[in-house]
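Below is the file protein_22.cif, which contains mmCIF, C-alpha atoms and all ligand atoms.
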data_final
#
loop_
_atom_site.label_atom_id
_atom_site.label_comp_id
_atom_site.auth_asym_id
_atom_site.auth_seq_id
_atom_site.Cartn_x
_atom_site.Cartn_y
_atom_site.Cartn_z
CA MET A 1 0.00 0.00 0.00
CA ALA A 2 1.39 3.38 -0.91
CA THR A 3 2.09 5.66 2.02
CA THR A 4 2.59 9.40 2.05
CA ALA A 5 5.35 10.92 4.16
CA PRO A 6 3.95 13.29 6.80
CA ALA A 7 4.33 16.95 5.91
CA LEU A 8 7.44 18.54 7.37
CA ASP A 9 6.68 21.19 9.97
CA ILE A 10 9.36 23.87 9.54
CA GLY A 11 7.92 26.22 12.15
CA ALA A 12 7.07 29.83 11.42
CA LEU A 13 8.46 33.33 11.19
CA LYS A 14 6.77 36.53 12.27
CA GLY A 15 8.22 38.52 9.40
CA LEU A 16 10.61 38.36 6.51
CA ARG A 17 12.24 41.32 4.78
CA ILE A 18 13.86 40.58 1.44
CA LEU A 19 16.14 43.34 0.21
CA CYS A 20 17.03 43.12 -3.46
CA VAL A 21 20.74 43.96 -3.42
CA SER A 22 20.94 43.35 -7.16
CA GLU A 23 18.51 41.72 -9.56
CA THR A 24 20.59 42.78 -12.56
CA GLY A 25 22.47 39.67 -13.61
CA TRP A 26 23.85 41.62 -16.54
CA PHE A 27 22.90 44.71 -18.49
CA ASP A 28 22.69 43.45 -22.08
CA THR A 29 21.44 39.94 -22.79
CA ALA A 30 22.65 39.84 -26.42
CA THR A 31 26.22 40.53 -25.24
CA VAL A 32 26.19 37.70 -22.69
CA PHE A 33 24.80 35.16 -25.13
CA GLY A 34 27.15 36.39 -27.86
CA ASP A 35 30.04 35.69 -25.48
CA ILE A 36 28.66 32.20 -24.78
CA ARG A 37 28.30 31.42 -28.50
CA ALA A 38 31.83 32.66 -29.16
CA ALA A 39 33.15 30.43 -26.35
CA GLY A 40 31.57 27.33 -27.89
CA GLY A 41 27.87 27.45 -27.08
CA ALA A 42 25.46 26.39 -24.37
CA GLN A 43 27.43 23.31 -23.27
CA THR A 44 30.67 25.20 -22.73
CA ASP A 45 32.34 25.06 -19.32
CA GLN A 46 31.53 28.51 -17.86
CA TYR A 47 35.01 28.72 -16.29
CA SER A 48 36.54 28.82 -19.78
CA ILE A 49 34.88 32.20 -20.50
CA PRO A 50 37.15 35.12 -19.47
CA TRP A 51 34.47 37.21 -17.81
CA PRO A 52 35.16 38.97 -14.50
CA PRO A 53 36.70 38.04 -12.14
CA PHE A 54 38.73 35.63 -14.34
CA GLY A 55 39.20 38.14 -17.20
CA ARG A 56 37.91 41.43 -18.52
CA LEU A 57 35.63 40.22 -21.34
CA HIS A 58 32.75 42.71 -21.51
CA ALA A 59 33.38 43.59 -17.87
CA ASP A 60 31.03 46.57 -18.06
CA ASN A 61 28.15 44.23 -18.87
CA ALA A 62 28.62 42.06 -15.78
CA ALA A 63 26.53 42.72 -12.65
CA GLY A 64 24.94 39.90 -10.62
CA PHE A 65 22.09 38.64 -8.46
CA SER A 66 22.03 38.89 -4.67
CA ALA A 67 19.42 39.39 -1.95
CA LEU A 68 19.63 39.99 1.80
CA LEU A 69 17.07 38.14 3.92
CA GLU A 70 16.18 39.45 7.35
CA ALA A 71 14.01 36.91 9.14
CA GLU A 72 12.10 37.96 12.25
CA ALA A 73 11.41 35.08 14.63
CA ILE A 74 8.21 34.84 16.66
CA ASP A 75 10.12 36.20 19.69
CA GLY A 76 11.20 39.24 17.66
CA SER A 77 14.85 38.26 17.19
CA VAL A 78 16.31 38.84 13.72
CA ARG A 79 18.55 36.52 11.70
CA ARG A 80 20.15 37.41 8.40
CA LEU A 81 21.20 35.40 5.37
CA LEU A 82 22.77 36.44 2.10
CA PHE A 83 21.16 34.69 -0.85
CA ASP A 84 23.66 34.61 -3.72
CA THR A 85 26.64 36.88 -4.15
CA GLY A 86 26.40 38.24 -7.68
CA TRP A 87 28.95 38.23 -10.48
CA ASN A 88 31.24 41.19 -11.13
CA PRO A 89 33.17 42.06 -7.94
CA ASP A 90 33.28 45.75 -8.92
CA TRP A 91 29.49 45.84 -9.20
CA MET A 92 28.91 43.77 -6.07
CA ASP A 93 31.33 45.89 -4.02
CA ARG A 94 29.33 48.95 -5.05
CA ARG A 95 25.94 47.44 -4.29
CA PHE A 96 27.08 45.93 -0.98
CA ALA A 97 28.39 49.35 0.07
CA GLU A 98 25.24 51.18 -1.04
CA GLU A 99 23.01 48.81 0.94
CA GLY A 100 25.28 48.39 3.99
CA VAL A 101 25.80 44.69 3.33
CA ASP A 102 29.58 45.14 3.63
CA ARG A 103 29.25 46.39 7.19
CA LEU A 104 26.77 43.66 8.17
CA LEU A 105 29.27 41.09 6.91
CA GLN A 106 32.18 42.71 8.77
CA GLU A 107 30.14 42.76 11.99
CA ARG A 108 29.24 39.05 11.57
CA ARG A 109 25.56 39.95 11.48
CA ILE A 110 24.91 37.78 8.41
CA GLU A 111 25.10 34.19 9.52
CA ALA A 112 25.44 32.34 6.21
CA LEU A 113 25.72 32.68 2.46
CA ILE A 114 23.27 30.55 0.51
CA VAL A 115 24.44 29.92 -3.05
CA SER A 116 21.44 29.08 -5.22
CA HIS A 117 23.54 27.58 -8.01
CA GLU A 118 26.89 27.81 -9.71
CA HIS A 119 25.94 30.17 -12.57
CA PHE A 120 28.39 33.02 -12.99
CA ASP A 121 25.83 35.76 -12.32
CA HIS A 122 24.88 34.29 -8.92
CA PHE A 123 28.21 32.96 -7.69
CA TRP A 124 31.32 34.45 -9.29
CA GLY A 125 31.16 37.58 -7.12
CA ILE A 126 31.87 35.55 -3.97
CA GLY A 127 35.09 37.50 -3.37
CA SER A 128 32.95 40.55 -2.53
CA THR A 129 31.38 38.60 0.34
CA LEU A 130 34.49 36.76 1.56
CA LYS A 131 36.70 39.84 1.80
CA HIS A 132 34.40 41.15 4.52
CA CYS A 133 33.66 37.81 6.19
CA PRO A 134 36.06 35.01 5.18
CA ASP A 135 34.66 32.55 7.73
CA ILE A 136 31.01 32.81 6.68
CA PRO A 137 29.37 29.37 6.37
CA ILE A 138 28.37 28.63 2.77
CA TYR A 139 25.48 26.42 1.64
CA LEU A 140 25.81 24.92 -1.85
CA PRO A 141 23.43 22.75 -3.88
CA GLU A 142 24.47 19.25 -4.87
CA GLY A 143 26.26 19.27 -8.22
CA PHE A 144 28.95 21.92 -7.73
CA HIS A 145 32.02 21.41 -9.92
CA PRO A 146 35.56 21.01 -8.54
CA ALA A 147 36.40 24.33 -10.23
CA GLY A 148 33.70 26.08 -8.21
CA LEU A 149 34.85 24.55 -4.93
CA ALA A 150 38.45 25.50 -5.72
CA PHE A 151 37.35 29.06 -6.54
CA ILE A 152 35.72 29.38 -3.10
CA ARG A 153 38.97 28.35 -1.39
CA GLN A 154 41.07 30.52 -3.70
CA GLN A 155 38.93 33.54 -2.77
CA GLY A 156 40.02 33.07 0.85
CA HIS A 157 37.15 31.15 2.41
CA GLU A 158 37.96 29.84 5.89
CA GLY A 159 34.53 28.67 7.04
CA THR A 160 32.45 25.56 6.60
CA VAL A 161 30.89 24.52 3.29
CA ILE A 162 27.63 22.62 3.56
CA THR A 163 26.24 20.81 0.53
CA VAL A 164 22.47 20.51 0.83
CA PRO A 165 21.49 16.92 0.04
CA THR A 166 18.90 16.54 -2.69
CA GLY A 167 15.54 15.47 -1.30
CA GLN A 168 16.45 16.31 2.29
CA PRO A 169 15.51 19.92 3.02
CA LEU A 170 17.43 21.58 5.83
CA VAL A 171 15.52 23.70 8.34
CA LEU A 172 18.03 26.52 8.84
CA PHE A 173 15.98 27.94 11.69
CA PRO A 174 12.27 27.88 12.58
CA GLY A 175 10.29 29.11 9.60
CA LEU A 176 13.00 28.75 6.94
CA ALA A 177 13.93 25.65 4.95
CA LEU A 178 16.52 25.14 2.22
CA ALA A 179 16.03 22.47 -0.46
CA SER A 180 18.42 21.32 -3.20
CA PHE A 181 16.94 20.25 -6.53
CA PRO A 182 18.67 18.27 -9.25
CA MET A 183 18.80 20.04 -12.60
CA SER A 184 21.22 20.39 -15.48
CA THR A 185 21.35 23.56 -17.52
CA LEU A 186 23.32 26.12 -19.54
CA LEU A 187 27.14 26.04 -19.22
CA GLN A 188 27.24 22.66 -17.45
CA VAL A 189 25.66 23.98 -14.26
CA GLN A 190 23.94 21.40 -12.06
CA GLY A 191 21.75 21.59 -8.97
CA GLU A 192 19.88 24.51 -7.43
CA ASN A 193 19.06 25.53 -3.88
CA VAL A 194 15.64 27.06 -3.20
CA LEU A 195 14.50 28.66 0.07
CA TYR A 196 11.02 28.25 1.52
CA ALA A 197 9.89 30.55 4.33
CA ARG A 198 6.74 30.03 6.35
CA LEU A 199 5.17 33.14 7.79
CA GLN A 200 2.67 32.74 10.58
CA ASP A 201 -0.87 33.18 9.19
CA GLN A 202 0.45 33.80 5.66
CA GLY A 203 1.57 30.46 4.24
CA LEU A 204 4.76 29.87 2.32
CA THR A 205 7.09 32.16 0.39
CA MET A 206 9.41 30.63 -2.19
CA ILE A 207 12.75 32.33 -2.88
CA THR A 208 14.68 31.31 -5.99
CA GLY A 209 17.84 32.44 -7.76
CA CYS A 210 16.93 31.34 -11.27
CA GLY A 211 14.28 28.65 -10.77
CA HIS A 212 15.87 26.38 -13.38
CA GLY A 213 13.93 23.44 -11.95
CA GLY A 214 10.68 24.97 -13.22
CA VAL A 215 8.51 27.26 -11.13
CA LEU A 216 5.54 24.87 -11.04
CA ASN A 217 7.73 21.91 -10.00
CA LEU A 218 9.26 23.98 -7.23
CA LEU A 219 5.86 25.14 -5.98
CA ASP A 220 4.39 21.62 -6.14
CA TYR A 221 7.34 20.34 -4.14
CA ALA A 222 6.46 22.81 -1.40
CA ARG A 223 2.82 21.75 -1.46
CA ARG A 224 3.81 18.09 -1.06
CA THR A 225 6.58 18.56 1.46
CA PHE A 226 5.83 21.29 3.97
CA ALA A 227 3.05 21.60 6.50
CA GLY A 228 0.94 24.56 5.38
CA GLY A 229 2.38 24.24 1.86
CA GLU A 230 -1.06 24.27 0.31
CA LYS A 231 -1.04 28.05 0.72
CA ILE A 232 1.70 29.77 -1.29
CA HIS A 233 1.65 33.43 -0.33
CA ALA A 234 4.55 34.89 -2.30
CA ILE A 235 7.37 34.19 -4.72
CA TYR A 236 10.62 36.16 -4.88
CA GLY A 237 13.40 35.82 -7.43
CA GLY A 238 14.05 34.19 -10.77
CA LEU A 239 11.39 32.20 -12.55
CA HIS A 240 13.39 31.61 -15.70
CA LEU A 241 10.43 31.77 -18.06
CA SER A 242 11.87 33.96 -20.83
CA PRO A 243 15.49 34.83 -20.03
CA LEU A 244 16.12 35.23 -23.77
CA GLU A 245 12.77 37.00 -24.28
CA ASP A 246 11.43 34.17 -26.41
CA TRP A 247 7.92 32.83 -25.86
CA ASP A 248 5.66 29.92 -26.84
CA SER A 249 2.32 28.32 -25.94
CA GLN A 250 3.94 26.06 -23.34
CA ARG A 251 5.01 29.13 -21.42
CA ASP A 252 1.50 30.58 -21.72
CA GLU A 253 0.36 27.39 -20.02
CA ILE A 254 2.80 27.92 -17.15
CA VAL A 255 1.51 31.47 -16.61
CA ASN A 256 -2.09 30.20 -16.74
CA SER A 257 -1.22 27.48 -14.20
CA LEU A 258 0.45 29.99 -11.89
CA ALA A 259 -2.84 31.86 -11.66
CA ARG A 260 -4.42 28.78 -10.09
CA TYR A 261 -2.11 28.78 -7.04
CA GLY A 262 -3.74 31.82 -5.46
CA ILE A 263 -0.41 33.56 -4.86
CA ALA A 264 -0.78 37.03 -3.35
CA ARG A 265 2.56 38.60 -4.35
CA ILE A 266 5.13 37.85 -7.03
CA ALA A 267 8.45 39.74 -7.15
CA CYS A 268 10.71 38.84 -10.07
CA ASN A 269 14.34 39.34 -10.99
CA HIS A 270 15.90 39.65 -14.43
CA CYS A 271 16.27 35.85 -14.80
CA THR A 272 12.47 35.71 -15.16
CA GLY A 273 12.55 37.70 -18.43
CA ARG A 274 10.69 40.88 -19.26
CA THR A 275 8.38 39.09 -21.67
CA ALA A 276 7.33 36.68 -18.93
CA VAL A 277 6.57 39.49 -16.47
CA GLU A 278 4.51 41.33 -19.10
CA LYS A 279 2.54 38.13 -19.75
CA MET A 280 2.00 37.65 -16.01
CA LEU A 281 0.75 41.21 -15.61
CA ALA A 282 -1.56 40.81 -18.61
CA SER A 283 -3.05 37.68 -17.08
CA GLY A 284 -3.76 39.51 -13.82
CA LEU A 285 -1.09 37.92 -11.63
CA PRO A 286 -0.08 40.08 -8.61
CA VAL A 287 3.38 41.13 -9.82
CA LEU A 288 5.04 43.81 -7.70
CA ARG A 289 6.59 46.63 -9.71
CA GLY A 290 10.05 47.85 -8.86
CA SER A 291 11.41 51.38 -8.70
CA ALA A 292 13.98 50.95 -11.54
CA ARG A 293 16.79 52.58 -9.52
CA ASN A 294 20.43 51.69 -8.82
CA GLY A 295 21.05 50.11 -12.20
CA SER A 296 17.73 48.29 -12.57
CA GLN A 297 16.60 48.90 -16.13
CA THR A 298 12.86 48.32 -15.82
CA ASP A 299 10.13 48.45 -13.20
CA LEU A 300 8.97 44.98 -14.26
CA PHE A 301 11.42 43.53 -11.75
CA LEU A 302 11.61 44.29 -8.04
CA GLY A 303 14.65 46.48 -8.41
CA ASN A 304 18.04 47.07 -6.84
CA GLY A 305 17.42 48.53 -3.39
CA ASP A 306 13.73 47.56 -3.38
CA VAL A 307 12.23 45.51 -0.57
CA LEU A 308 9.62 42.78 -0.30
CA GLN A 309 8.29 42.87 3.26
CA LEU A 310 6.26 39.92 4.43
CA GLY A 311 4.34 39.55 7.70
CA SER A 312 5.17 41.43 10.93
CA GLU A 313 2.86 44.11 12.26
CA ASN A 314 5.35 46.80 11.32
CA ALA A 315 5.50 45.66 7.72
CA ALA A 316 4.55 48.03 4.94
CA ASN A 317 2.38 45.39 3.30
FE FE B 1 20.96 30.37 -13.58
FE FE B 2 19.89 33.68 -13.58
#
Could you quickly redo this structure as structure tokens?
Amino acid sequence: MATTAPALDIGALKGLRILCVSETGWFDTATVFGDIRAAGGAQTDQYSIPWPPFGRLHADNAAGFSALLEAEAIDGSVRRLLFDTGWNPDWMDRRFAEEGVDRLLQERRIEALIVSHEHFDHFWGIGSTLKHCPDIPIYLPEGFHPAGLAFIRQQGHEGTVITVPTGQPLVLFPGLALASFPMSTLLQVQGENVLYARLQDQGLTMITGCGHGGVLNLLDYARRTFAGGEKIHAIYGGLHLSPLEDWDSQRDEIVNSLARYGIARIACNHCTGRTAVEKMLASGLPVLRGSARNGSQTDLFLGNGDVLQLGSENAAN
């Protein structure tokens, strides 16, 4: 007889503030994909492409993705995590300084770096984090390459590295779980970490870097796995629906399906694609507009310096 595993109770948070340090993976998509084609195409080893910090190829086009999470426990205490560390160290240094992330790292007030996946725009800026806090614990997804692990050490990391086992979500603290999903995508990258937060009285929030595993798969996983997962309140991050701005009927289906989850707030980064966000808005999905400041090029994405505040009586919901 088939049995169903009991839903995992991850506890609850009172509030969660997600600061978009940078949603801008890069400034010009054609340039990035031109560089990839010139290097040998989609199956190329990303470490063979001389982008920053390994070289200066189109350095002005390189930015990165990173978000600061400030989780408020039921007792009011606050814990912070950095979710991804961007790409170009020059850009990340600037954004970390503008948002005070550099100081939080120096003061050991950010307790871990979560790396969503190995893609250059989410991970190659790790030097900008480690120079302020070399002993920060780092969580990786399963599937990291030896070159990525060596890069972490070479950038001066002195702390622990935890690889999240696929299929065994880690509860980092009450109300916040980290799950690693198998996937295989552009430039030989494998595995992706996704965060799931549970806010008291609000249901779940899913936080992704790129969402290469497929947004519906990642949401359905939460529904199956976590107590209270039937109510998805919000999504933050990359949904990877039209990163190249192409579109087809299958993607229309995904947007139509998303509408059936009853999600209250959706905040996207550049990895989602502008076309996808326009389609979501047209279908009536509750996409939050950004302020298009600090290098963000459009208000379709929750922009650099913008905040998604969830729960907590003080929240500007
Ligand atoms: Fe990615
Ligand atoms: Fe991405």
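Here the question is which of A:Asn304, A:Ser184, A:Thr205, A:Thr31 gets nearest to ligand FE 1 (chain B) using all atoms listed in the file, and that residue is A:Ser184.
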Q: With all atoms listed in the file counted, collect every polymer residue having an atom within 9 Å of ligand FE 1 (chain B); state the result as a VMD selection string.
A: chain A and resid 116 to 122 185 to 186 189 192 209 to 212 238 240 271
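The nearest approach to ligand FE 2 (chain B) among the residues A:Asp84, A:Asp135, A:Glu70, A:Asp9, with only C-alpha atoms and all ligand atoms taken into account, belongs to A:Asp84.
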Q.
So that I can see what lies close to A:Met92, please list as a VMD selection string the residues with an atom at most 12 Å from it, counting all atoms listed in the file and leaving out residues fewer than 3 positions away in the same chain.
A. chain A and resid 21 to 26 52 to 53 62 to 67 84 to 89 95 to 102 121 to 131 294 to 295 304
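Minimum distance to A:Gly305 across A:Leu68, A:Glu245, A:Phe144, A:Leu57 (counting all atoms listed in the file) occurs at A:Leu68.
Candidate residues A:Arg109, A:Arg293, A:Thr29, A:Val78 were compared for distance to ligand FE 2 (chain B), and the nearest is A:Thr29, using only C-alpha atoms and all ligand atoms.
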Q: Find the residues near A:Thr160: any atom within 12 Å, counting only C-alpha atoms, skip ones fewer than 6 places away on the same chain, and give them as a ChimeraX atom specification.
A: /A:111-113,134-140,149,152-153
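Minimum distance to A:Thr163 across A:Arg198, A:His145, A:Arg80, A:Arg224 (counting all atoms listed in the file) occurs at A:His145.
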For C-alpha atoms, please extract stretch 40-107 of chain A from the block and return it as a PDB file, in the first residue's frame.
ATOM      1  CA  GLY A  40      31.570  27.328 -27.886  1.00  0.00           C
ATOM      2  CA  GLY A  41      27.868  27.452 -27.076  1.00  0.00           C
ATOM      3  CA  ALA A  42      25.458  26.388 -24.368  1.00  0.00           C
ATOM      4  CA  GLN A  43      27.426  23.305 -23.271  1.00  0.00           C
ATOM      5  CA  THR A  44      30.671  25.202 -22.731  1.00  0.00           C
ATOM      6  CA  ASP A  45      32.338  25.061 -19.318  1.00  0.00           C
ATOM      7  CA  GLN A  46      31.531  28.505 -17.859  1.00  0.00           C
ATOM      8  CA  TYR A  47      35.007  28.716 -16.288  1.00  0.00           C
ATOM      9  CA  SER A  48      36.542  28.822 -19.781  1.00  0.00           C
ATOM     10  CA  ILE A  49      34.882  32.200 -20.499  1.00  0.00           C
ATOM     11  CA  PRO A  50      37.148  35.118 -19.469  1.00  0.00           C
ATOM     12  CA  TRP A  51      34.466  37.213 -17.806  1.00  0.00           C
ATOM     13  CA  PRO A  52      35.156  38.970 -14.502  1.00  0.00           C
ATOM     14  CA  PRO A  53      36.704  38.041 -12.141  1.00  0.00           C
ATOM     15  CA  PHE A  54      38.729  35.632 -14.343  1.00  0.00           C
ATOM     16  CA  GLY A  55      39.203  38.138 -17.196  1.00  0.00           C
ATOM     17  CA  ARG A  56      37.909  41.435 -18.518  1.00  0.00           C
ATOM     18  CA  LEU A  57      35.630  40.223 -21.337  1.00  0.00           C
ATOM     19  CA  HIS A  58      32.746  42.710 -21.513  1.00  0.00           C
ATOM     20  CA  ALA A  59      33.375  43.585 -17.874  1.00  0.00           C
ATOM     21  CA  ASP A  60      31.027  46.573 -18.064  1.00  0.00           C
ATOM     22  CA  ASN A  61      28.146  44.230 -18.871  1.00  0.00           C
ATOM     23  CA  ALA A  62      28.618  42.056 -15.777  1.00  0.00           C
ATOM     24  CA  ALA A  63      26.526  42.724 -12.654  1.00  0.00           C
ATOM     25  CA  GLY A  64      24.944  39.899 -10.619  1.00  0.00           C
ATOM     26  CA  PHE A  65      22.093  38.637  -8.459  1.00  0.00           C
ATOM     27  CA  SER A  66      22.030  38.886  -4.668  1.00  0.00           C
ATOM     28  CA  ALA A  67      19.425  39.387  -1.949  1.00  0.00           C
ATOM     29  CA  LEU A  68      19.630  39.992   1.796  1.00  0.00           C
ATOM     30  CA  LEU A  69      17.074  38.138   3.918  1.00  0.00           C
ATOM     31  CA  GLU A  70      16.177  39.448   7.350  1.00  0.00           C
ATOM     32  CA  ALA A  71      14.009  36.912   9.145  1.00  0.00           C
ATOM     33  CA  GLU A  72      12.095  37.961  12.247  1.00  0.00           C
ATOM     34  CA  ALA A  73      11.406  35.080  14.626  1.00  0.00           C
ATOM     35  CA  ILE A  74       8.211  34.836  16.658  1.00  0.00           C
ATOM     36  CA  ASP A  75      10.120  36.201  19.692  1.00  0.00           C
ATOM     37  CA  GLY A  76      11.202  39.243  17.664  1.00  0.00           C
ATOM     38  CA  SER A  77      14.851  38.261  17.191  1.00  0.00           C
ATOM     39  CA  VAL A  78      16.309  38.843  13.718  1.00  0.00           C
ATOM     40  CA  ARG A  79      18.548  36.518  11.704  1.00  0.00           C
ATOM     41  CA  ARG A  80      20.152  37.406   8.400  1.00  0.00           C
ATOM     42  CA  LEU A  81      21.201  35.400   5.369  1.00  0.00           C
ATOM     43  CA  LEU A  82      22.768  36.442   2.103  1.00  0.00           C
ATOM     44  CA  PHE A  83      21.165  34.691  -0.847  1.00  0.00           C
ATOM     45  CA  ASP A  84      23.656  34.615  -3.723  1.00  0.00           C
ATOM     46  CA  THR A  85      26.638  36.878  -4.150  1.00  0.00           C
ATOM     47  CA  GLY A  86      26.397  38.242  -7.685  1.00  0.00           C
ATOM     48  CA  TRP A  87      28.949  38.228 -10.480  1.00  0.00           C
ATOM     49  CA  ASN A  88      31.237  41.191 -11.130  1.00  0.00           C
ATOM     50  CA  PRO A  89      33.173  42.058  -7.939  1.00  0.00           C
ATOM     51  CA  ASP A  90      33.277  45.748  -8.921  1.00  0.00           C
ATOM     52  CA  TRP A  91      29.487  45.837  -9.200  1.00  0.00           C
ATOM     53  CA  MET A  92      28.908  43.774  -6.069  1.00  0.00           C
ATOM     54  CA  ASP A  93      31.329  45.892  -4.018  1.00  0.00           C
ATOM     55  CA  ARG A  94      29.333  48.950  -5.045  1.00  0.00           C
ATOM     56  CA  ARG A  95      25.942  47.436  -4.290  1.00  0.00           C
ATOM     57  CA  PHE A  96      27.082  45.931  -0.978  1.00  0.00           C
ATOM     58  CA  ALA A  97      28.390  49.354   0.074  1.00  0.00           C
ATOM     59  CA  GLU A  98      25.239  51.185  -1.041  1.00  0.00           C
ATOM     60  CA  GLU A  99      23.015  48.812   0.945  1.00  0.00           C
ATOM     61  CA  GLY A 100      25.275  48.392   3.988  1.00  0.00           C
ATOM     62  CA  VAL A 101      25.800  44.686   3.327  1.00  0.00           C
ATOM     63  CA  ASP A 102      29.581  45.143   3.628  1.00  0.00           C
ATOM     64  CA  ARG A 103      29.247  46.386   7.194  1.00  0.00           C
ATOM     65  CA  LEU A 104      26.768  43.658   8.173  1.00  0.00           C
ATOM     66  CA  LEU A 105      29.271  41.086   6.907  1.00  0.00           C
ATOM     67  CA  GLN A 106      32.176  42.712   8.773  1.00  0.00           C
ATOM     68  CA  GLU A 107      30.136  42.758  11.991  1.00  0.00           C
TER      69      GLU A 107
END
